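Peer 1: Dumping the structure here so I can ask a few things about it.
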Amino acid sequence: MPGQHCTKGIQKNINSSTPAALFTTSPPTAVELQPLMAQLDLSSSKDKSQEDGKKDVKNPNLQKAKNCFLKGVSYFSGDMEVFGKLMEKQFFLLQLLDWVLRGAAQVMFVNNPLSGLIIFAGLILQNYWWALNGFVGTLFATISALILQQSRGAIAAGLYGYNGILVGLLMAVFSKEGDWYWWLLLPNIFMSMMCPIVSSALASINSRWDLPVFTLPFNILVCLHMVATGHYNNHFPQVLIQPRSELPNITWAEIDLAKLFMSVPVGIGQVYGCDNPWTGGIFIISLFISSPITCAHAVLGSAVGMVSGLALAAPFGDIYFGLWGYNCVLACIAIGGMFYALTWQVHLLAITCAFFCAYLGSAIANIMSTFGLPACTWPFCLSALTFLLLTTGTNRIFKLPLAKVTYPEKNLVYFWKMKKQEKNEKAEKEKSEREEKQRAIVDEVILNEKEQLRLELEKEEGSEALDGEIYELRVEDGAPSEEHHAAEGKQIKHTNGDPADYV
Amino acid sequence: MPGQHCTKGIQKNINSSTPAALFTTSPPTAVELQPLMAQLDLSSSKDKSQEDGKKDVKNPNLQKAKNCFLKGVSYFSGDMEVFGKLMEKQFFLLQLLDWVLRGAAQVMFVNNPLSGLIIFAGLILQNYWWALNGFVGTLFATISALILQQSRGAIAAGLYGYNGILVGLLMAVFSKEGDWYWWLLLPNIFMSMMCPIVSSALASINSRWDLPVFTLPFNILVCLHMVATGHYNNHFPQVLIQPRSELPNITWAEIDLAKLFMSVPVGIGQVYGCDNPWTGGIFIISLFISSPITCAHAVLGSAVGMVSGLALAAPFGDIYFGLWGYNCVLACIAIGGMFYALTWQVHLLAITCAFFCAYLGSAIANIMSTFGLPACTWPFCLSALTFLLLTTGTNRIFKLPLAKVTYPEKNLVYFWKMKKQEKNEKAEKEKSEREEKQRAIVDEVILNEKEQLRLELEKEEGSEALDGEIYELRVEDGAPSEEHHAAEGKQIKHTNGDPADYV
Amino acid sequence: MPGQHCTKGIQKNINSSTPAALFTTSPPTAVELQPLMAQLDLSSSKDKSQEDGKKDVKNPNLQKAKNCFLKGVSYFSGDMEVFGKLMEKQFFLLQLLDWVLRGAAQVMFVNNPLSGLIIFAGLILQNYWWALNGFVGTLFATISALILQQSRGAIAAGLYGYNGILVGLLMAVFSKEGDWYWWLLLPNIFMSMMCPIVSSALASINSRWDLPVFTLPFNILVCLHMVATGHYNNHFPQVLIQPRSELPNITWAEIDLAKLFMSVPVGIGQVYGCDNPWTGGIFIISLFISSPITCAHAVLGSAVGMVSGLALAAPFGDIYFGLWGYNCVLACIAIGGMFYALTWQVHLLAITCAFFCAYLGSAIANIMSTFGLPACTWPFCLSALTFLLLTTGTNRIFKLPLAKVTYPEKNLVYFWKMKKQEKNEKAEKEKSEREEKQRAIVDEVILNEKEQLRLELEKEEGSEALDGEIYELRVEDGAPSEEHHAAEGKQIKHTNGDPADYV
């Protein structure tokens, strides 16, 4: 369903060799995974490429074409490193555009300008005014980070832009004045420019535990703006949000399965505040381009959120509207391969986190509604941070150092490499220990032989006259060793004097 | 009053030699204190065992019987270390039962399976359904900790169970559906299993300041469940809690002194959400078995809470119901000997903390009621953490390292030992310094003598011819010292050459 | 305007040589700045003292008089270090009074007993009862810190008193019972005495990031007292504060410019909860005495708050009442020169922080009103902490180590000194590197010469007989170097043996 729509927004960016099959929401297969794992030794990816492997042998031409195709894919999947390096030498405004697009995609932890472009296409499909506000937010957040001389690498990865796009979008979404209320751009720009300050401050705290700041700056700043102005404000009024005060009327017979199914893409769309299922579908595609694992966990998270909503007797309207999904989407992506290396245990942890996040989402929404506030992505931030702070005794749940986090596939490669290296080191250590032992034995044998020779010589010394030959043996033997020279000195002296003095 | 009741629940566990006097709520006397301080040198406990000491001298038989009795007491008081070690070799389910019982008692900082058993007896007396929920909570929290491979020592001490029992109990207490609503076990199990995750995450943060997590995971998870579902929910509705909106009608003439007195055990019972004074009495006994200091501070804390309630003009109903007591009970136990070594200063600090906690309890209850939530044990957690973060210049307020915390009596022994060791070290240091000085003087004298001898020899050298005797003295003197051999070399050379060259 | 009033309160403390001109609210000129920068090299303050410089040359007598005057000023401006040292030898009660006065001024980051005295004068002008409560609060907070054996230096600087004065004042301000309700002194004393405990606990946390605790203890404790008792309380009722529930009626035609202008001093007065513009004016003077930079930023912050209030469509009454100003005053002082060294970039940052603080103030006021609470100085604390946690790549935004913070002028001196020292060190390093290189070249030359000499000698050795002269050269050359003696040994031996053996 979303596959047929997405081509609109991205057709100009993708080279013609890419088949349509790439744009389905099918679970990640080895075809797309391999280019992202190019650095990986074949042995570890063998089990995944089993089927492909069989075909490969049959047809060398197909193999060649496939390699070509994979190389093509690698240029615009993952974090588009090659493209990023290319941009470094470009005109500043082009660079800035790259950063803004990456910032737009970083909301979903995707560092990919193509995904960012597709996401903007989805936003435009939803609402022009919102898309404009989102763009302004990203742009000014990035500019503010440049002014404050934040880390250039982080800016280039879009890490200062993603809070900006959310601030811009959500301030437009929750404004009671509706679309094209131009004054809104003023607080939008102010709040976007505050993003890097709040980000930097939070990073100072979170870095003590090697934790990311997630979308906390966005949550803080949007809640700040909304509650500072409120529903009853002459300049910037907000939509009215009130706590529930009566039993919702839920009749299970009334459930609409089509809408329930649609709530999965809608939940993904709600990460950017969009309720259009097509927009959600476009977002799924943009995720799939960069990282199929991310995409799979996004869909899974949205489904978990929907199920949780049903379990906790939420009004069907809220579930259809995707309000139960978006936090779980983000939490499931973050835990499922992004900040932990993906193993089966981590996959289960990600699902647990999504359930916990849904629960937390309901709780926070109820609390925030007392102040006329939406839940924003507080539930995601708090649940993901909780699960990232978890310490366990098992080495199957491996939290990546924050500096090493890229995208799930590359994280996996890092994890496997590290494991392999550990194994090698262990093996090498054992080997060197074994060798050490052998050498020690050999050394002992030699030492014994020398000692015997010396004893024999000494015996001869007693009976025979001293000659140069023996002396030379001594010098050869003892000279390189420093601690022997004092003794040597004595010996040397004695050789000139009375041999009988020799102890 | 509680003394006559408690024997019901625990009579099967206590060996017959234990006299009934043990089960009174009298303040801790030296009789019960001593077995817990067996490792202590007698000098420091002299002032406490003054009276006993006099009797001891009079009757050697009584002394022997008393020793026997004390040894018996030591087996089931304190943290029952011997029993814990015995259980390590047992069948897994028995071990799990031990952990669950310890978990139940750990709510009150008591690591004692017998206390846990008595507490479960008290819960059963209060309400079967609540007791079941508490048991399920403790069990699944412990199982979840095992799955997540948390520290086995902490699990065995019940440190992953106590949040579970509170989650289970309080979810049952605050459910509007009443008893035997079996569906409640589902969120109960889910939330209990989340306990170790939240505990572990909070411990990652708190450990930076060497602080415990207290009952924070319980507070977070129960509030989460209650506010996520709320009063108006079809599946899991909660009891209605609303903020006060009018002046309570307080006439001091109406005060019921009996109920006011009863509020002290009720306050202790409210730690587990129980309003039955008998249950509270049973809990007092369970505390007394493990640690009389803990028991005394629990009663003291509850009384302080009651007084604070009267001072702040709380409705009498709340005070009678123990709502002003339970946080103060926990805060007073935590500060009074558990995490600080008990001195008079710390005792006063514990009472101050209890007053502060009561104030905070009222504040948090008012804030939480806005969201339809009870205060849980937030006031205790926040006040105790504040008082544990306190740094002072006096060494009479000594915060134990978290890893050394056991129970107040053993903590005291640790504190006294440390003090004594410090004293000894200081004395030893002074002694060694004195000796060092003496040795230095002796060395100097010897050196001077040698120097004189040498000078004399040198004088002789100048006037007499060189003979082997003097040379040998030289070698004996200088050879072992490495830095002299260069000079030695010169000397050696010179002895062969012209003695006049000697510098 | 405030100038004519303030003399009442302080006339007894200032020596008669101080001209009335000092007590105007004019922007900081070099006259007052210079004594605070006495240690500064003249080159860096040249641009500031340009005008004065011209006059100085003209009249040597004036110059002398000015120096005298500046020295006089230095005795009671800044942190009055000389006075503080003088007090150390005084009677304890006098010392305590000094600490209490400094504590009163420390609310505005001013460590100056004279400022404190003027502030008390302003408070008495506002309300006798409030002033009394403030004094009791400061006194008991300081006494409590002494009992808890906190750092004597911090107590003497008033750092344990400023939360006390705010607790005392604001508890009186928000009490519904009105003035002279003597029972209020009980919770006042209790809460004041809790201040050092909460301060110490918060400092344990904040010190990890080298952050001050600001007025957080006051915020926590006053909110605690107010929400614990609430509006509906028989003993300690609070004034009723409710959230806004309808659109405020704002007609721009109704704006009163005089009141708007007055809101600037009123905003400064509101730091202590005072709405009297004269009181605000007196506070401005007290700031000016100690530090003109602080004073300027206070006025600037209050103005920024007023503008923000207009921008966010706040009811005019709130703006006139100074509710938009006081947080911005504190935030602007804290960032503008107090915890950062004042540069143009920091000045802009301070203004940004003031705007952010105003926004945050509105947000927090709306949230707190749900619980019947005022905003206190939470907005200031949170915004200032955020801006102090900021990390940037530029060295023009320099955060002073917490231990080095005094007052803006002295901070600047520290910053400039550090800069100069860095420069000198760099220059010296470069110089020493250059010298090192030259020395290396010289050494090489010498070494080459020696080597040549040696080679020549060796040649001679081969052809001529060995004589003492050469040998002595050897010993002089090689003896001091330890690593050569082994070779030396060999050499020595060889010189005695066969010269042909020499390798």
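Residue numbering restarts at 1 in every chain; chains get A, B, ... in the order shown in the structure tokens, and ligands count up from 1 in that same order.
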Could the residues of chain C within 8 Å of chain B, counting only C-alpha atoms, be given as a list in words, please?

Peer 2: Leu148, Gln149, Gln150, Ser151, Ile197, Val198, Ser200, Ala201, Leu202, Ser204, Ile205, Leu224, His225, Met226, Val227, Ala228, Thr229, Tyr232, Asn233, Asn234, His235, Phe236, Phe371, Ala479, His485 and Gly489 of chain C

Peer 1: Residues within 9 Å of Ala105 of chain C, please, as an MDAnalysis selection string. Count only C-alpha atoms; anything in the same chain fewer than 5 positions from it doesn't count.

Peer 2: chainID C and resid 100 110:119 158 162 286:287

Peer 1: Assign secondary structure with DSSP using the backbone only, and return the residues of segment 58-179 of chain A in helix (DSSP H, G or I) as a VMD selection string.

Peer 2: chain A and resid 58 60 to 76 81 to 87 92 to 106 113 to 126 128 to 147 152 to 156 162 to 173

Peer 1: Tell me which protein, DNA and RNA residues are within 12 Å of Trp129 of chain A, counting only C-alpha atoms, leaving out same-chain ones fewer than 3 positions away, and put them as number ranges by chain.

Peer 2: A: 120, 123-126, 132-136, 168-173, 175, 178-182, 184-185
